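One file, target11.txt, is given below (compact mmCIF, C-alpha atoms).
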# COMPACT_ATOMS: atom_id res chain seq x y z
CA MET A 116 -9.51 0.80 -20.77
CA SER A 117 -10.53 -1.58 -23.48
CA SER A 118 -13.07 -4.08 -22.20
CA SER A 119 -11.45 -6.90 -24.17
CA HIS A 120 -8.32 -6.64 -22.01
CA THR A 121 -9.63 -6.78 -18.44
CA SER A 122 -6.83 -8.94 -17.04
CA PRO A 123 -6.27 -7.74 -13.44
CA VAL A 124 -2.54 -8.43 -13.90
CA LYS A 125 -2.39 -5.90 -16.75
CA TYR A 126 -4.32 -3.41 -14.62
CA PHE A 127 -1.78 -3.96 -11.82
CA LEU A 128 1.30 -3.34 -13.99
CA SER A 129 -0.19 -0.43 -15.96
CA GLY A 130 -1.57 1.19 -12.81
CA GLY A 131 1.88 1.16 -11.21
CA PHE A 132 3.35 3.03 -14.16
CA GLY A 133 0.45 5.50 -14.17
CA GLY A 134 0.99 6.15 -10.47
CA VAL A 135 4.62 7.16 -10.93
CA CYS A 136 3.50 9.65 -13.61
CA THR A 137 0.93 11.06 -11.14
CA VAL A 138 3.44 11.77 -8.36
CA ILE A 139 6.02 13.42 -10.60
CA VAL A 140 3.41 15.84 -11.97
CA GLY A 141 1.34 16.41 -8.83
CA HIS A 142 3.58 16.32 -5.73
CA PRO A 143 4.38 20.06 -5.39
CA LEU A 144 0.68 20.97 -5.14
CA ASP A 145 0.14 18.05 -2.76
CA THR A 146 2.78 19.51 -0.41
CA ILE A 147 1.01 22.89 -0.49
CA LYS A 148 -2.34 21.16 0.18
CA VAL A 149 -1.01 19.37 3.29
CA ARG A 150 0.65 22.54 4.63
CA LEU A 151 -2.57 24.54 4.23
CA GLN A 152 -4.61 21.75 5.85
CA THR A 153 -2.36 21.43 8.89
CA MET A 154 -1.26 25.02 9.56
CA PRO A 155 -2.13 26.23 13.08
CA VAL A 156 -5.24 28.37 13.62
CA PRO A 157 -3.93 31.96 14.11
CA GLU A 158 -4.40 33.68 17.48
CA ALA A 159 -6.75 36.68 17.61
CA GLY A 160 -5.22 39.62 15.73
CA GLN A 161 -2.52 37.50 14.08
CA SER A 162 -2.40 36.68 10.39
CA PRO A 163 -2.34 33.00 9.31
CA LEU A 164 0.93 31.26 8.46
CA TYR A 165 -0.12 31.17 4.79
CA ALA A 166 -2.61 33.50 3.09
CA GLY A 167 -3.45 30.86 0.46
CA THR A 168 -2.08 28.55 -2.22
CA TRP A 169 0.21 31.05 -3.94
CA ASP A 170 1.50 32.48 -0.65
CA CYS A 171 2.31 28.97 0.61
CA ALA A 172 4.17 28.13 -2.61
CA LYS A 173 6.10 31.42 -2.50
CA LYS A 174 7.13 31.05 1.17
CA THR A 175 8.12 27.41 0.71
CA ILE A 176 10.36 28.24 -2.27
CA GLN A 177 11.87 31.26 -0.47
CA ARG A 178 12.74 29.28 2.66
CA GLU A 179 13.55 25.87 1.22
CA GLY A 180 14.08 26.33 -2.50
CA PHE A 181 12.08 24.61 -5.22
CA ARG A 182 13.06 21.24 -3.70
CA GLY A 183 10.91 22.12 -0.68
CA LEU A 184 7.84 21.49 -2.83
CA TYR A 185 9.05 17.92 -3.37
CA LYS A 186 9.41 17.20 0.37
CA GLY A 187 8.15 13.79 1.38
CA MET A 188 8.13 12.57 -2.22
CA SER A 189 10.24 9.52 -1.35
CA ALA A 190 7.23 8.01 0.48
CA PRO A 191 4.70 8.31 -2.36
CA ILE A 192 7.22 7.59 -5.15
CA SER A 193 8.31 4.34 -3.47
CA GLY A 194 4.78 3.49 -2.43
CA VAL A 195 2.87 4.87 -5.39
CA ALA A 196 3.69 2.11 -7.86
CA PRO A 197 2.24 -0.58 -5.56
CA ILE A 198 -0.60 1.74 -4.40
CA PHE A 199 -1.79 2.58 -7.91
CA ALA A 200 -1.02 -0.95 -9.04
CA MET A 201 -3.27 -2.29 -6.25
CA SER A 202 -5.92 0.34 -7.03
CA PHE A 203 -6.10 -0.50 -10.73
CA PHE A 204 -5.82 -4.22 -9.91
CA GLY A 205 -8.76 -3.86 -7.49
CA PHE A 206 -10.75 -2.04 -10.16
CA GLY A 207 -9.93 -4.67 -12.80
CA LEU A 208 -10.85 -7.44 -10.36
CA GLY A 209 -14.02 -5.60 -9.28
CA LYS A 210 -15.06 -5.37 -12.94
CA ARG A 211 -14.20 -9.00 -13.62
CA LEU A 212 -16.22 -10.23 -10.61
CA GLN A 213 -19.34 -8.48 -11.94
CA GLN A 214 -18.95 -9.54 -15.57
CA GLN A 215 -20.66 -12.66 -16.95
CA THR A 216 -18.40 -12.52 -20.04
CA PRO A 217 -15.01 -10.75 -20.51
CA ASN A 218 -16.50 -8.23 -22.97
CA GLU A 219 -19.67 -7.41 -21.00
CA LYS A 220 -20.27 -3.67 -20.57
CA LEU A 221 -20.93 -2.69 -16.96
CA SER A 222 -23.55 -0.21 -15.75
CA ASN A 223 -22.53 3.04 -14.03
CA THR A 224 -23.45 1.55 -10.63
CA GLN A 225 -21.28 -1.50 -11.29
CA LEU A 226 -18.36 0.71 -12.36
CA PHE A 227 -18.75 2.74 -9.13
CA LEU A 228 -18.78 -0.47 -7.04
CA ALA A 229 -15.66 -1.79 -8.84
CA GLY A 230 -13.91 1.52 -8.10
CA ALA A 231 -15.01 1.51 -4.45
CA PHE A 232 -13.69 -2.06 -4.18
CA SER A 233 -10.29 -0.80 -5.34
CA GLY A 234 -10.28 1.77 -2.49
CA VAL A 235 -10.41 -1.05 0.07
CA PHE A 236 -7.46 -2.74 -1.67
CA THR A 237 -5.16 0.26 -1.39
CA THR A 238 -5.63 1.29 2.27
CA SER A 239 -3.23 -1.33 3.69
CA ILE A 240 -0.30 0.29 1.87
CA MET A 241 -1.77 3.78 1.45
CA ALA A 242 -2.26 4.62 5.15
CA PRO A 243 1.38 4.31 6.38
CA GLY A 244 2.71 6.00 3.23
CA GLU A 245 0.28 8.90 3.68
CA ARG A 246 1.17 9.25 7.38
CA ILE A 247 4.91 9.47 6.62
CA LYS A 248 4.38 11.77 3.62
CA CYS A 249 2.27 14.23 5.63
CA LEU A 250 4.75 14.35 8.53
CA LEU A 251 7.64 15.06 6.14
CA GLN A 252 5.63 17.66 4.21
CA ILE A 253 4.77 19.78 7.25
CA GLN A 254 8.41 20.09 8.34
CA GLN A 255 9.31 23.72 7.77
CA GLY A 256 12.70 24.34 6.19
CA GLY A 257 15.18 27.11 6.78
CA ASN A 258 17.06 27.10 10.08
CA GLN A 259 14.44 25.12 11.98
CA PRO A 260 15.58 21.71 13.25
CA GLN A 261 14.12 18.76 11.35
CA LYS A 262 12.59 15.97 13.43
CA TYR A 263 12.74 13.44 10.60
CA ASN A 264 15.65 12.89 8.22
CA GLY A 265 13.59 11.20 5.55
CA MET A 266 11.14 8.38 5.00
CA VAL A 267 13.01 5.53 6.74
CA ASP A 268 13.95 7.67 9.76
CA CYS A 269 10.32 8.81 10.08
CA ALA A 270 9.03 5.21 9.98
CA LYS A 271 11.62 4.14 12.60
CA GLN A 272 10.71 6.99 14.96
CA LEU A 273 6.97 6.32 14.60
CA TYR A 274 7.52 2.64 15.36
CA LYS A 275 9.63 3.50 18.40
CA GLU A 276 6.97 5.93 19.68
CA GLY A 277 3.88 3.75 19.24
CA GLY A 278 4.64 0.54 17.38
CA ILE A 279 2.85 -0.54 14.23
CA ARG A 280 -0.35 1.23 15.38
CA SER A 281 1.45 4.57 15.14
CA ILE A 282 2.56 3.85 11.56
CA TYR A 283 -1.01 2.89 10.63
CA LYS A 284 -2.61 5.87 12.37
CA GLY A 285 -5.37 7.29 10.16
CA SER A 286 -6.21 4.01 8.39
CA PHE A 287 -9.95 4.38 8.97
CA ALA A 288 -9.82 8.00 7.74
CA THR A 289 -7.93 6.82 4.63
CA LEU A 290 -10.63 4.19 4.03
CA LEU A 291 -13.36 6.79 4.54
CA ARG A 292 -11.72 8.93 1.86
CA ASP A 293 -10.70 6.30 -0.66
CA VAL A 294 -13.75 4.02 -0.92
CA PRO A 295 -16.28 6.61 -2.21
CA ALA A 296 -13.60 8.71 -3.95
CA SER A 297 -12.20 5.72 -5.88
CA GLY A 298 -15.72 4.69 -6.90
CA LEU A 299 -16.39 8.11 -8.39
CA TYR A 300 -12.86 8.31 -9.85
CA TYR A 301 -13.15 5.22 -12.05
CA LEU A 302 -16.83 5.80 -12.86
CA THR A 303 -16.06 9.36 -14.07
CA TYR A 304 -13.13 8.17 -16.19
CA GLU A 305 -15.10 5.38 -17.88
CA TYR A 306 -18.22 7.54 -18.32
CA THR A 307 -16.29 10.53 -19.75
CA LYS A 308 -14.23 8.28 -22.00
CA ASP A 309 -17.40 6.67 -23.40
CA ALA A 310 -19.09 10.07 -23.85
CA VAL A 311 -16.03 11.50 -25.65
CA GLY A 312 -15.72 8.33 -27.75
CA SER A 313 -19.36 8.42 -28.88
CA LYS A 314 -19.09 12.14 -29.74
CA MET A 315 -16.00 11.42 -31.82
CA GLY A 316 -17.49 8.23 -33.21
CA THR A 317 -14.46 6.27 -31.98
CA GLU A 318 -15.60 4.21 -28.97
CA GLY A 319 -12.62 2.56 -27.28
CA GLY A 320 -9.91 4.76 -28.78
CA ILE A 321 -10.21 8.43 -27.84
CA GLY A 322 -6.66 9.61 -28.47
CA LEU A 323 -4.35 11.65 -26.27
CA LEU A 324 -6.60 14.69 -25.76
CA GLY A 325 -9.59 12.50 -24.89
CA THR A 326 -7.51 10.59 -22.33
CA ILE A 327 -6.21 13.86 -20.81
CA PHE A 328 -9.76 15.20 -20.50
CA ALA A 329 -11.28 11.98 -19.08
CA GLY A 330 -8.35 11.49 -16.65
CA GLY A 331 -8.48 15.12 -15.52
CA MET A 332 -12.23 14.98 -14.89
CA ALA A 333 -11.79 11.75 -12.93
CA GLY A 334 -9.25 13.49 -10.68
CA ILE A 335 -11.60 16.42 -10.01
CA ALA A 336 -14.52 14.07 -9.20
CA ASN A 337 -12.29 12.03 -6.88
CA TRP A 338 -11.32 15.07 -4.80
CA ALA A 339 -14.76 16.69 -4.85
CA ILE A 340 -16.04 13.77 -2.77
CA GLY A 341 -12.81 12.81 -0.97
CA MET A 342 -11.66 16.23 0.28
CA PRO A 343 -13.42 16.40 3.71
CA ALA A 344 -12.10 12.98 4.78
CA ASP A 345 -8.64 13.99 3.48
CA VAL A 346 -8.55 17.10 5.70
CA LEU A 347 -9.51 15.01 8.75
CA LYS A 348 -6.92 12.38 7.80
CA SER A 349 -4.10 14.94 7.40
CA ARG A 350 -4.84 16.47 10.81
CA LEU A 351 -5.09 13.12 12.55
CA GLN A 352 -1.90 11.79 10.98
CA THR A 353 0.20 14.89 11.79
CA ALA A 354 -1.08 15.44 15.35
CA PRO A 355 1.21 14.55 18.30
CA GLU A 356 0.56 11.10 19.79
CA GLY A 357 -2.44 11.08 22.14
CA THR A 358 -4.00 14.32 20.82
CA TYR A 359 -7.17 12.68 19.52
CA LYS A 360 -8.12 9.72 21.75
CA ASN A 361 -11.21 8.81 19.69
CA GLY A 362 -9.46 9.28 16.34
CA ILE A 363 -11.29 10.88 13.46
CA ARG A 364 -14.42 11.64 15.54
CA ASP A 365 -12.41 13.93 17.83
CA VAL A 366 -10.72 15.62 14.86
CA PHE A 367 -14.13 16.29 13.28
CA ALA A 368 -15.64 17.62 16.55
CA GLU A 369 -12.71 19.99 17.16
CA LEU A 370 -12.67 21.22 13.55
CA MET A 371 -16.42 21.97 13.60
CA LYS A 372 -16.18 23.75 16.95
CA ARG A 373 -13.14 25.90 16.11
CA GLU A 374 -13.36 26.49 12.36
CA GLY A 375 -16.74 25.40 11.01
CA PRO A 376 -17.69 23.18 8.04
CA LEU A 377 -15.76 25.23 5.45
CA ALA A 378 -12.51 23.98 7.02
CA LEU A 379 -13.34 20.55 5.56
CA TYR A 380 -12.34 22.02 2.19
CA LYS A 381 -9.06 23.59 3.36
CA GLY A 382 -6.43 23.16 0.69
CA VAL A 383 -9.07 22.65 -2.03
CA THR A 384 -7.40 25.12 -4.45
CA PRO A 385 -4.07 23.26 -4.79
CA VAL A 386 -5.96 19.96 -4.82
CA MET A 387 -8.10 20.98 -7.78
CA LEU A 388 -5.16 22.63 -9.56
CA ARG A 389 -3.26 19.36 -9.13
CA ALA A 390 -6.16 16.99 -9.82
CA PHE A 391 -6.46 17.61 -13.55
CA PRO A 392 -2.81 17.41 -14.70
CA ALA A 393 -1.77 14.71 -12.19
CA ASN A 394 -4.63 12.35 -13.05
CA ALA A 395 -4.41 13.10 -16.76
CA ALA A 396 -0.74 12.02 -16.45
CA CYS A 397 -1.84 8.91 -14.55
CA PHE A 398 -4.27 7.73 -17.22
CA ILE A 399 -1.90 8.61 -20.09
CA GLY A 400 0.73 6.45 -18.36
CA PHE A 401 -1.85 3.73 -17.69
CA GLU A 402 -3.21 3.61 -21.24
CA ALA A 403 0.28 3.75 -22.81
CA PHE A 404 1.57 0.91 -20.64
CA MET A 405 -1.60 -1.12 -21.24
CA LYS A 406 -1.10 -0.76 -25.01
CA PHE A 407 2.52 -1.86 -24.57
CA LEU A 408 1.46 -4.94 -22.56
CA ASN A 409 -1.26 -5.82 -25.06
CA PHE A 410 1.39 -5.68 -27.79
CA VAL A 411 4.12 -7.70 -26.02
CA ALA A 412 1.88 -10.08 -24.03
CA PRO A 413 -1.57 -10.28 -25.67
CA ASN A 414 -2.53 -13.44 -23.77
CA LEU A 415 -1.49 -12.26 -20.27

Have the structure of the file written as structure tokens, please.
Amino acid sequence: MSSSHTSPVKYFLSGGFGGVCTVIVGHPLDTIKVRLQTMPVPEAGQSPLYAGTWDCAKKTIQREGFRGLYKGMSAPISGVAPIFAMSFFGFGLGKRLQQQTPNEKLSNTQLFLAGAFSGVFTTSIMAPGERIKCLLQIQQGGNQPQKYNGMVDCAKQLYKEGGIRSIYKGSFATLLRDVPASGLYYLTYEYTKDAVGSKMGTEGGIGLLGTIFAGGMAGIANWAIGMPADVLKSRLQTAPEGTYKNGIRDVFAELMKREGPLALYKGVTPVMLRAFPANAACFIGFEAFMKFLNFVAPNL
């Protein structure tokens, strides 16, 4: 992210392209993550629905084919361009608001604040997309009847059941996840990119491998801090209407009582396996599109 090109419009367009790259690479492991997070607690003496990441992947492919891993992808793929576009736009704007001059280098704290600012930007479109995605992902295939026939049908049914509030269920949990996680995400990317650049003696241009490494590390940092809120969000958003009257507080209380604090990191294996390649793909897409825009529209 060259500091001489901090136009929020360029961040918006490049972020949208990076987001599409993220979903294509990372969605199968995201499906496994959501299924592990939301599987029922086994009764005494019974084995859990899935023994772990590999078991979940194997059972999903056996029952539903490889396409089962891409369940619910219509929601993030149609929402991801605007979500990532808004996220990168928020980051670009957050940087711009703190800069006295367009080329001013920001401190690590300022980069974190710009990233956290981007997390607020994305929640308005992130929350309903996440709710629909999670509900589609937990539908088991095979001969079991499907409640939802896709993204639009799911949105219609949710609206019929509880209006717009039902579609936006889990917004606070999404905010709780995305504000600190986005701050650390962008800070880690910029910090790693600078560190790699200074080691290579090429500040600003770190090449493909440098971008892959910095983007991958950003993804891991994002989920290291965002995982507990993500577990609570997934459970809240997939629970039947009226299950948790006080929202995320009730989800947290029940989880602590029944499963203990380790349950806040349920699904962490597929998340971390996905974090590196998916976010490396995101930043490769972002940087490539930014270079393209700087070439075709240098004054944008």

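With distances restricted to all atoms listed in the file, A:Arg292 is the closest residue to Met241 in chain A from A:Arg182, A:Lys210, A:Lys275, A:Arg292.
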
Excluding Phe407 in chain A and residues on its chain fewer than 6 positions from it, collect all residues at most 12 Å away from it, counting only C-alpha atoms, and give them as a ChimeraX atom specification.
-> /A:125,128-129,132,400-401,413,415

Write the residues you've just listed into a file as a PDB file, keeping the file's coordinate frame, and include C-alpha atoms for each of them.
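Output file part20.pdb follows:
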ATOM      1  CA  LYS A 125      -2.390  -5.900 -16.750  1.00  0.00           C
ATOM      2  CA  LEU A 128       1.300  -3.340 -13.990  1.00  0.00           C
ATOM      3  CA  SER A 129      -0.190  -0.430 -15.960  1.00  0.00           C
ATOM      4  CA  PHE A 132       3.350   3.030 -14.160  1.00  0.00           C
ATOM      5  CA  GLY A 400       0.730   6.450 -18.360  1.00  0.00           C
ATOM      6  CA  PHE A 401      -1.850   3.730 -17.690  1.00  0.00           C
ATOM      7  CA  PRO A 413      -1.570 -10.280 -25.670  1.00  0.00           C
ATOM      8  CA  LEU A 415      -1.490 -12.260 -20.270  1.00  0.00           C
TER       9      LEU A 415
END

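If you count only C-alpha atoms and ignore residues fewer than 4 places along the chain from Ser297 in chain A, what sits within 10 Å of it is Ser202, Phe203, Phe206, Phe227, Leu228, Ala229, Gly230, Ala231, Phe232, Ser233, Gly234, Val235, Thr237, Arg292, Asp293, Tyr301, Leu302, Thr303, Ala333, Gly334, Ala336, Asn337, Trp338, Ile340 and Gly341 of chain A.
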
Could you save the residues just selected, with C-alpha atoms, as a compact mmCIF listing (two decimals), in the coordinates of the input?
# COMPACT_ATOMS: atom_id res chain seq x y z
CA SER A 202 -5.92 0.34 -7.03
CA PHE A 203 -6.10 -0.50 -10.73
CA PHE A 206 -10.75 -2.04 -10.16
CA PHE A 227 -18.75 2.74 -9.13
CA LEU A 228 -18.78 -0.47 -7.04
CA ALA A 229 -15.66 -1.79 -8.84
CA GLY A 230 -13.91 1.52 -8.10
CA ALA A 231 -15.01 1.51 -4.45
CA PHE A 232 -13.69 -2.06 -4.18
CA SER A 233 -10.29 -0.80 -5.34
CA GLY A 234 -10.28 1.77 -2.49
CA VAL A 235 -10.41 -1.05 0.07
CA THR A 237 -5.16 0.26 -1.39
CA ARG A 292 -11.72 8.93 1.86
CA ASP A 293 -10.70 6.30 -0.66
CA TYR A 301 -13.15 5.22 -12.05
CA LEU A 302 -16.83 5.80 -12.86
CA THR A 303 -16.06 9.36 -14.07
CA ALA A 333 -11.79 11.75 -12.93
CA GLY A 334 -9.25 13.49 -10.68
CA ALA A 336 -14.52 14.07 -9.20
CA ASN A 337 -12.29 12.03 -6.88
CA TRP A 338 -11.32 15.07 -4.80
CA ILE A 340 -16.04 13.77 -2.77
CA GLY A 341 -12.81 12.81 -0.97

Test item: residues at most 7 Å from range 386-393 of chain A, all atoms listed in the file, excluding those fewer than 3 positions along its chain, as a ChimeraX atom specification = /A:137,140-141,144-145,148,331-332,334-335,382-383,396-397

Work out how far apart CA of Phe127 in chain A and CA of Val311 in chain A are and give it in Å to one decimal.
->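 Straight-line distance from CA of Phe127 in chain A to CA of Val311 in chain A works out to 25.2 Å.
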
Reconstruct range 289-314 of chain A at the level of N, CA, C and O atoms, and format the result as a PDB file, in the frame of the given file.
ATOM      1  N   THR A 289      -8.367   7.085   6.012  1.00  0.00           N
ATOM      2  CA  THR A 289      -7.930   6.820   4.630  1.00  0.00           C
ATOM      3  C   THR A 289      -9.008   6.016   3.897  1.00  0.00           C
ATOM      4  O   THR A 289      -9.342   6.293   2.743  1.00  0.00           O
ATOM      5  N   LEU A 290      -9.571   5.023   4.599  1.00  0.00           N
ATOM      6  CA  LEU A 290     -10.630   4.190   4.030  1.00  0.00           C
ATOM      7  C   LEU A 290     -11.879   5.024   3.734  1.00  0.00           C
ATOM      8  O   LEU A 290     -12.496   4.898   2.673  1.00  0.00           O
ATOM      9  N   LEU A 291     -12.189   5.909   4.669  1.00  0.00           N
ATOM     10  CA  LEU A 291     -13.360   6.790   4.540  1.00  0.00           C
ATOM     11  C   LEU A 291     -13.218   7.714   3.335  1.00  0.00           C
ATOM     12  O   LEU A 291     -14.201   8.087   2.699  1.00  0.00           O
ATOM     13  N   ARG A 292     -11.988   8.084   3.031  1.00  0.00           N
ATOM     14  CA  ARG A 292     -11.720   8.930   1.860  1.00  0.00           C
ATOM     15  C   ARG A 292     -11.722   8.118   0.568  1.00  0.00           C
ATOM     16  O   ARG A 292     -12.336   8.492  -0.424  1.00  0.00           O
ATOM     17  N   ASP A 293     -11.016   6.981   0.584  1.00  0.00           N
ATOM     18  CA  ASP A 293     -10.700   6.300  -0.660  1.00  0.00           C
ATOM     19  C   ASP A 293     -11.810   5.427  -1.239  1.00  0.00           C
ATOM     20  O   ASP A 293     -11.856   5.232  -2.451  1.00  0.00           O
ATOM     21  N   VAL A 294     -12.704   4.897  -0.383  1.00  0.00           N
ATOM     22  CA  VAL A 294     -13.750   4.020  -0.920  1.00  0.00           C
ATOM     23  C   VAL A 294     -14.727   4.800  -1.810  1.00  0.00           C
ATOM     24  O   VAL A 294     -14.874   4.487  -2.996  1.00  0.00           O
ATOM     25  N   PRO A 295     -15.393   5.863  -1.307  1.00  0.00           N
ATOM     26  CA  PRO A 295     -16.280   6.610  -2.210  1.00  0.00           C
ATOM     27  C   PRO A 295     -15.533   7.365  -3.305  1.00  0.00           C
ATOM     28  O   PRO A 295     -15.994   7.443  -4.453  1.00  0.00           O
ATOM     29  N   ALA A 296     -14.352   7.918  -2.963  1.00  0.00           N
ATOM     30  CA  ALA A 296     -13.600   8.710  -3.950  1.00  0.00           C
ATOM     31  C   ALA A 296     -13.118   7.838  -5.110  1.00  0.00           C
ATOM     32  O   ALA A 296     -13.190   8.249  -6.271  1.00  0.00           O
ATOM     33  N   SER A 297     -12.657   6.626  -4.812  1.00  0.00           N
ATOM     34  CA  SER A 297     -12.200   5.720  -5.880  1.00  0.00           C
ATOM     35  C   SER A 297     -13.367   5.279  -6.751  1.00  0.00           C
ATOM     36  O   SER A 297     -13.225   5.119  -7.966  1.00  0.00           O
ATOM     37  N   GLY A 298     -14.528   5.056  -6.117  1.00  0.00           N
ATOM     38  CA  GLY A 298     -15.720   4.690  -6.900  1.00  0.00           C
ATOM     39  C   GLY A 298     -16.044   5.752  -7.925  1.00  0.00           C
ATOM     40  O   GLY A 298     -16.258   5.461  -9.108  1.00  0.00           O
ATOM     41  N   LEU A 299     -16.056   7.006  -7.481  1.00  0.00           N
ATOM     42  CA  LEU A 299     -16.390   8.110  -8.390  1.00  0.00           C
ATOM     43  C   LEU A 299     -15.273   8.355  -9.407  1.00  0.00           C
ATOM     44  O   LEU A 299     -15.530   8.742 -10.553  1.00  0.00           O
ATOM     45  N   TYR A 300     -14.036   8.117  -8.995  1.00  0.00           N
ATOM     46  CA  TYR A 300     -12.860   8.310  -9.850  1.00  0.00           C
ATOM     47  C   TYR A 300     -12.952   7.443 -11.117  1.00  0.00           C
ATOM     48  O   TYR A 300     -12.908   7.942 -12.240  1.00  0.00           O
ATOM     49  N   TYR A 301     -13.108   6.141 -10.904  1.00  0.00           N
ATOM     50  CA  TYR A 301     -13.150   5.220 -12.050  1.00  0.00           C
ATOM     51  C   TYR A 301     -14.434   5.362 -12.857  1.00  0.00           C
ATOM     52  O   TYR A 301     -14.414   5.254 -14.083  1.00  0.00           O
ATOM     53  N   LEU A 302     -15.562   5.596 -12.153  1.00  0.00           N
ATOM     54  CA  LEU A 302     -16.830   5.800 -12.860  1.00  0.00           C
ATOM     55  C   LEU A 302     -16.722   7.015 -13.789  1.00  0.00           C
ATOM     56  O   LEU A 302     -17.117   6.951 -14.958  1.00  0.00           O
ATOM     57  N   THR A 303     -16.180   8.129 -13.269  1.00  0.00           N
ATOM     58  CA  THR A 303     -16.060   9.360 -14.070  1.00  0.00           C
ATOM     59  C   THR A 303     -15.158   9.138 -15.278  1.00  0.00           C
ATOM     60  O   THR A 303     -15.466   9.589 -16.389  1.00  0.00           O
ATOM     61  N   TYR A 304     -14.043   8.423 -15.079  1.00  0.00           N
ATOM     62  CA  TYR A 304     -13.130   8.170 -16.190  1.00  0.00           C
ATOM     63  C   TYR A 304     -13.820   7.361 -17.292  1.00  0.00           C
ATOM     64  O   TYR A 304     -13.791   7.737 -18.467  1.00  0.00           O
ATOM     65  N   GLU A 305     -14.446   6.255 -16.893  1.00  0.00           N
ATOM     66  CA  GLU A 305     -15.100   5.380 -17.880  1.00  0.00           C
ATOM     67  C   GLU A 305     -16.263   6.103 -18.570  1.00  0.00           C
ATOM     68  O   GLU A 305     -16.437   6.000 -19.786  1.00  0.00           O
ATOM     69  N   TYR A 306     -17.057   6.829 -17.778  1.00  0.00           N
ATOM     70  CA  TYR A 306     -18.220   7.540 -18.320  1.00  0.00           C
ATOM     71  C   TYR A 306     -17.784   8.625 -19.310  1.00  0.00           C
ATOM     72  O   TYR A 306     -18.321   8.746 -20.413  1.00  0.00           O
ATOM     73  N   THR A 307     -16.776   9.435 -18.894  1.00  0.00           N
ATOM     74  CA  THR A 307     -16.290  10.530 -19.750  1.00  0.00           C
ATOM     75  C   THR A 307     -15.653   9.969 -21.022  1.00  0.00           C
ATOM     76  O   THR A 307     -15.859  10.489 -22.117  1.00  0.00           O
ATOM     77  N   LYS A 308     -14.892   8.894 -20.842  1.00  0.00           N
ATOM     78  CA  LYS A 308     -14.230   8.280 -22.000  1.00  0.00           C
ATOM     79  C   LYS A 308     -15.260   7.779 -23.016  1.00  0.00           C
ATOM     80  O   LYS A 308     -15.113   7.983 -24.218  1.00  0.00           O
ATOM     81  N   ASP A 309     -16.326   7.148 -22.515  1.00  0.00           N
ATOM     82  CA  ASP A 309     -17.400   6.670 -23.400  1.00  0.00           C
ATOM     83  C   ASP A 309     -18.113   7.833 -24.090  1.00  0.00           C
ATOM     84  O   ASP A 309     -18.421   7.778 -25.278  1.00  0.00           O
ATOM     85  N   ALA A 310     -18.381   8.898 -23.305  1.00  0.00           N
ATOM     86  CA  ALA A 310     -19.090  10.070 -23.850  1.00  0.00           C
ATOM     87  C   ALA A 310     -18.258  10.746 -24.940  1.00  0.00           C
ATOM     88  O   ALA A 310     -18.763  11.105 -26.006  1.00  0.00           O
ATOM     89  N   VAL A 311     -16.938  10.898 -24.668  1.00  0.00           N
ATOM     90  CA  VAL A 311     -16.030  11.500 -25.650  1.00  0.00           C
ATOM     91  C   VAL A 311     -15.945  10.603 -26.891  1.00  0.00           C
ATOM     92  O   VAL A 311     -16.000  11.075 -28.030  1.00  0.00           O
ATOM     93  N   GLY A 312     -15.824   9.282 -26.646  1.00  0.00           N
ATOM     94  CA  GLY A 312     -15.720   8.330 -27.750  1.00  0.00           C
ATOM     95  C   GLY A 312     -16.938   8.344 -28.665  1.00  0.00           C
ATOM     96  O   GLY A 312     -16.809   8.333 -29.889  1.00  0.00           O
ATOM     97  N   SER A 313     -18.148   8.423 -28.062  1.00  0.00           N
ATOM     98  CA  SER A 313     -19.360   8.420 -28.880  1.00  0.00           C
ATOM     99  C   SER A 313     -19.515   9.736 -29.648  1.00  0.00           C
ATOM    100  O   SER A 313     -20.000   9.759 -30.770  1.00  0.00           O
ATOM    101  N   LYS A 314     -19.059  10.847 -29.041  1.00  0.00           N
ATOM    102  CA  LYS A 314     -19.090  12.140 -29.740  1.00  0.00           C
ATOM    103  C   LYS A 314     -18.150  12.121 -30.952  1.00  0.00           C
ATOM    104  O   LYS A 314     -18.434  12.677 -32.001  1.00  0.00           O
TER     105      LYS A 314
END
